[in-house]
>>> print(open('protein_20.pdb').read())   # PDB, C-alpha atoms, pLDDT in the B column
ATOM      1  CA  MET A  24      46.773  86.814 133.267  1.00 58.00           C
ATOM      2  CA  THR A  25      43.904  85.679 135.446  1.00 68.00           C
ATOM      3  CA  GLY A  26      40.857  87.032 133.603  1.00 87.00           C
ATOM      4  CA  THR A  27      38.462  85.075 131.436  1.00 94.00           C
ATOM      5  CA  ILE A  28      36.977  85.703 128.007  1.00 94.00           C
ATOM      6  CA  ASP A  29      33.614  86.401 129.660  1.00 95.00           C
ATOM      7  CA  GLU A  30      35.221  89.067 131.869  1.00 96.00           C
ATOM      8  CA  PHE A  31      37.027  90.475 128.841  1.00 96.00           C
ATOM      9  CA  LYS A  32      33.751  90.803 126.913  1.00 94.00           C
ATOM     10  CA  LYS A  33      32.301  93.000 129.670  1.00 96.00           C
ATOM     11  CA  LEU A  34      35.081  95.602 129.439  1.00 96.00           C
ATOM     12  CA  VAL A  35      34.233  98.953 127.891  1.00 93.00           C
ATOM     13  CA  ASP A  36      36.751 101.678 128.729  1.00 94.00           C
ATOM     14  CA  ALA A  37      40.326 101.764 127.471  1.00 95.00           C
ATOM     15  CA  GLU A  38      41.593 101.884 131.049  1.00 96.00           C
ATOM     16  CA  GLU A  39      39.646  98.708 131.860  1.00 96.00           C
ATOM     17  CA  PHE A  40      41.421  96.856 129.048  1.00 97.00           C
ATOM     18  CA  PHE A  41      44.838  98.022 130.226  1.00 97.00           C
ATOM     19  CA  GLN A  42      44.020  97.027 133.813  1.00 96.00           C
ATOM     20  CA  PHE A  43      42.610  93.663 132.709  1.00 97.00           C
ATOM     21  CA  PHE A  44      45.899  92.852 130.966  1.00 97.00           C
ATOM     22  CA  ASN A  45      48.024  94.419 133.758  1.00 96.00           C
ATOM     23  CA  MET A  46      49.580  96.811 131.249  1.00 96.00           C
ATOM     24  CA  SER A  47      51.068 100.126 132.209  1.00 95.00           C
ATOM     25  CA  TYR A  48      50.035 103.088 130.090  1.00 95.00           C
ATOM     26  CA  ASP A  49      50.375 106.846 129.923  1.00 94.00           C
ATOM     27  CA  LEU A  50      47.004 108.340 130.819  1.00 95.00           C
ATOM     28  CA  GLU A  51      47.721 111.392 128.663  1.00 93.00           C
ATOM     29  CA  VAL A  52      48.309 109.206 125.583  1.00 92.00           C
ATOM     30  CA  VAL A  53      45.101 107.282 126.288  1.00 93.00           C
ATOM     31  CA  ASN A  54      43.070 110.448 126.900  1.00 93.00           C
ATOM     32  CA  VAL A  55      44.157 111.957 123.586  1.00 89.00           C
ATOM     33  CA  ASN A  56      43.900 108.757 121.514  1.00 89.00           C
ATOM     34  CA  ARG A  57      41.279 106.709 123.375  1.00 92.00           C
ATOM     35  CA  LEU A  58      38.874 106.027 120.498  1.00 90.00           C
ATOM     36  CA  HIS A  59      41.683 105.443 118.049  1.00 89.00           C
ATOM     37  CA  ILE A  60      43.435 102.935 120.314  1.00 94.00           C
ATOM     38  CA  LEU A  61      40.170 101.071 120.884  1.00 94.00           C
ATOM     39  CA  LYS A  62      39.353 101.078 117.162  1.00 92.00           C
ATOM     40  CA  LYS A  63      42.807  99.744 116.230  1.00 93.00           C
ATOM     41  CA  PHE A  64      42.567  97.185 119.046  1.00 96.00           C
ATOM     42  CA  SER A  65      39.187  95.999 117.741  1.00 94.00           C
ATOM     43  CA  GLN A  66      40.676  95.605 114.249  1.00 94.00           C
ATOM     44  CA  TYR A  67      43.494  93.467 115.669  1.00 96.00           C
ATOM     45  CA  ILE A  68      40.990  91.395 117.675  1.00 97.00           C
ATOM     46  CA  GLN A  69      38.970  90.785 114.506  1.00 96.00           C
ATOM     47  CA  GLU A  70      42.126  89.612 112.702  1.00 96.00           C
ATOM     48  CA  ILE A  71      42.952  87.236 115.581  1.00 97.00           C
ATOM     49  CA  ASP A  72      39.411  85.849 115.642  1.00 96.00           C
ATOM     50  CA  ASP A  73      39.296  85.455 111.842  1.00 96.00           C
ATOM     51  CA  ASN A  74      42.773  83.948 111.429  1.00 96.00           C
ATOM     52  CA  SER A  75      42.932  81.772 114.550  1.00 94.00           C
ATOM     53  CA  PRO A  76      39.440  80.554 115.456  1.00 92.00           C
ATOM     54  CA  ASP A  77      40.739  77.434 117.230  1.00 95.00           C
ATOM     55  CA  LEU A  78      42.792  79.193 119.924  1.00 95.00           C
ATOM     56  CA  SER A  79      42.102  78.264 123.526  1.00 95.00           C
ATOM     57  CA  GLN A  80      40.690  81.018 125.726  1.00 94.00           C
ATOM     58  CA  GLU A  81      44.080  81.507 127.354  1.00 95.00           C
ATOM     59  CA  GLU A  82      45.889  81.720 123.997  1.00 96.00           C
ATOM     60  CA  LYS A  83      43.244  84.107 122.682  1.00 96.00           C
ATOM     61  CA  LEU A  84      43.614  86.400 125.696  1.00 97.00           C
ATOM     62  CA  ASN A  85      47.398  86.342 125.282  1.00 96.00           C
ATOM     63  CA  GLN A  86      46.970  87.368 121.641  1.00 97.00           C
ATOM     64  CA  TYR A  87      44.493  90.091 122.673  1.00 97.00           C
ATOM     65  CA  SER A  88      47.005  91.402 125.199  1.00 97.00           C
ATOM     66  CA  LEU A  89      49.652  91.662 122.481  1.00 97.00           C
ATOM     67  CA  ALA A  90      47.093  93.358 120.221  1.00 97.00           C
ATOM     68  CA  LEU A  91      46.363  96.012 122.847  1.00 97.00           C
ATOM     69  CA  GLN A  92      50.082  96.649 123.306  1.00 97.00           C
ATOM     70  CA  LYS A  93      50.458  96.957 119.538  1.00 95.00           C
ATOM     71  CA  ALA A  94      47.456  99.315 119.198  1.00 94.00           C
ATOM     72  CA  TYR A  95      48.749 101.503 122.030  1.00 95.00           C
ATOM     73  CA  GLN A  96      52.234 101.599 120.488  1.00 93.00           C
ATOM     74  CA  VAL A  97      50.804 102.711 117.133  1.00 90.00           C
ATOM     75  CA  PHE A  98      49.555 105.932 118.732  1.00 86.00           C
ATOM     76  CA  ILE A  99      52.760 106.553 120.623  1.00 87.00           C
ATOM     77  CA  GLU A 100      54.598 106.508 117.296  1.00 82.00           C
ATOM     78  CA  SER A 101      51.896 107.946 115.032  1.00 73.00           C
ATOM     79  CA  THR A 102      48.890 110.248 115.029  1.00 65.00           C
ATOM     80  CA  PRO A 103      45.195 109.557 114.484  1.00 63.00           C
ATOM     81  CA  HIS A 104      45.356 111.649 111.318  1.00 61.00           C
ATOM     82  CA  GLU A 105      48.166 109.471 109.930  1.00 63.00           C
ATOM     83  CA  GLN A 106      46.279 106.261 110.760  1.00 61.00           C
ATOM     84  CA  LYS A 107      42.953 107.423 109.275  1.00 61.00           C
ATOM     85  CA  LEU A 108      40.872 104.823 111.153  1.00 60.00           C
ATOM     86  CA  PHE A 109      37.638 106.778 111.059  1.00 52.00           C
ATOM     87  CA  LYS A 110      35.557 107.893 108.094  1.00 56.00           C
ATOM     88  CA  VAL A 111      35.967 111.579 108.971  1.00 48.00           C
ATOM     89  CA  PHE A 112      39.680 111.363 108.123  1.00 48.00           C
ATOM     90  CA  ASN A 113      38.985 109.871 104.706  1.00 49.00           C
ATOM     91  CA  ASP A 114      36.102 112.022 103.503  1.00 52.00           C
ATOM     92  CA  LYS A 115      36.918 115.037 101.436  1.00 57.00           C
ATOM     93  CA  GLN A 116      35.233 118.150 102.762  1.00 58.00           C
ATOM     94  CA  LYS A 117      32.637 119.463 100.323  1.00 67.00           C
ATOM     95  CA  ASN A 118      33.147 123.158 101.017  1.00 69.00           C
ATOM     96  CA  VAL A 119      36.930 123.203 100.529  1.00 67.00           C
ATOM     97  CA  VAL A 120      38.916 123.896  97.401  1.00 67.00           C
ATOM     98  CA  THR A 121      42.508 122.689  97.568  1.00 66.00           C
ATOM     99  CA  LEU A 122      45.375 124.643  96.090  1.00 68.00           C
ATOM    100  CA  THR A 123      45.998 121.886  93.551  1.00 71.00           C
ATOM    101  CA  GLU A 124      42.456 122.421  92.203  1.00 72.00           C
ATOM    102  CA  ILE A 125      43.074 126.121  91.528  1.00 74.00           C
ATOM    103  CA  THR A 126      44.522 126.954  88.134  1.00 69.00           C
ATOM    104  CA  SER A 127      45.278 130.291  86.644  1.00 62.00           C
ATOM    105  CA  ASP A 128      43.885 131.238  83.254  1.00 55.00           C
TER     106      ASP A 128
END
>>> encode(input="protein_20.pdb", output="structure tokens")
Amino acid sequence: MTGTIDEFKKLVDAEEFFQFFNMSYDLEVVNVNRLHILKKFSQYIQEIDDNSPDLSQEEKLNQYSLALQKAYQVFIESTPHEQKLFKVFNDKQKNVVTLTEITSD
């Protein structure tokens, strides 16, 4: 890995992260799960930063690389709906009555 933390902080797109870490990826998987992969990746980065604040830049980037691999793998093996990373997946719709709420008199 030849990039720096400063270069890493300038990345925006999922593809840029994969290229930065020289990781291969399936473009179809990324296109379908882009926001979910990035959200999961950001959660892993936060855990790394919170739990290991004294890592060197190189160690931190190595951990980030593993975190991106892990986030990508989550959405190869699971779906966004199963992961429920975003509020929309956790909010109950207000105009829907579920079958379990219907009782017969």
>>> axis_aligned_box(input="protein_20.pdb", around="range 25-32 of chain A", padding_each_side="8 Å", output="AutoDock Vina command-line options")
--center_x 38.8 --center_y 87.9 --center_z 131.2 --size_x 26.3 --size_y 21.7 --size_z 24.5
>>> resolve_selection(input="protein_20.pdb", expression="the PyMOL selection byres ((chain A and resi 44) around 12)", output="PyMOL selection string")
chain A and resi 24-28+30-31+34+37-43+45-48+84-92
>>> residues_around(input="protein_20.pdb", residues="Glu70 in chain A", least_positions_apart="4", cutoff="12 Å", atoms="only C-alpha atoms", output="number ranges by chain")
A: 63-66, 74-76, 83, 86-87, 90
>>> atom_distance(input="protein_20.pdb", atom1="CA of Glu100 in chain A", atom2="CA of Asp72 in chain A")
25.7 Å
>>> resolve_selection(input="protein_20.pdb", expression="the PyMOL selection byres ((chain A and resi 58) around 12)", output="ChimeraX atom specification")
/A:35-38,52-57,59-65,94-95,98,103,108-109
>>> write_last_selection(input="protein_20.pdb", atoms="C-alpha atoms", output="PDB file, in the frame of the given file")
ATOM      1  CA  VAL A  35      34.233  98.953 127.891  1.00 93.00           C
ATOM      2  CA  ASP A  36      36.751 101.678 128.729  1.00 94.00           C
ATOM      3  CA  ALA A  37      40.326 101.764 127.471  1.00 95.00           C
ATOM      4  CA  GLU A  38      41.593 101.884 131.049  1.00 96.00           C
ATOM      5  CA  VAL A  52      48.309 109.206 125.583  1.00 92.00           C
ATOM      6  CA  VAL A  53      45.101 107.282 126.288  1.00 93.00           C
ATOM      7  CA  ASN A  54      43.070 110.448 126.900  1.00 93.00           C
ATOM      8  CA  VAL A  55      44.157 111.957 123.586  1.00 89.00           C
ATOM      9  CA  ASN A  56      43.900 108.757 121.514  1.00 89.00           C
ATOM     10  CA  ARG A  57      41.279 106.709 123.375  1.00 92.00           C
ATOM     11  CA  HIS A  59      41.683 105.443 118.049  1.00 89.00           C
ATOM     12  CA  ILE A  60      43.435 102.935 120.314  1.00 94.00           C
ATOM     13  CA  LEU A  61      40.170 101.071 120.884  1.00 94.00           C
ATOM     14  CA  LYS A  62      39.353 101.078 117.162  1.00 92.00           C
ATOM     15  CA  LYS A  63      42.807  99.744 116.230  1.00 93.00           C
ATOM     16  CA  PHE A  64      42.567  97.185 119.046  1.00 96.00           C
ATOM     17  CA  SER A  65      39.187  95.999 117.741  1.00 94.00           C
ATOM     18  CA  ALA A  94      47.456  99.315 119.198  1.00 94.00           C
ATOM     19  CA  TYR A  95      48.749 101.503 122.030  1.00 95.00           C
ATOM     20  CA  PHE A  98      49.555 105.932 118.732  1.00 86.00           C
ATOM     21  CA  PRO A 103      45.195 109.557 114.484  1.00 63.00           C
ATOM     22  CA  LEU A 108      40.872 104.823 111.153  1.00 60.00           C
ATOM     23  CA  PHE A 109      37.638 106.778 111.059  1.00 52.00           C
TER      24      PHE A 109
END
>>> atom_distance(input="protein_20.pdb", atom1="CA of Tyr67 in chain A", atom2="CA of Lys93 in chain A")
8.7 Å
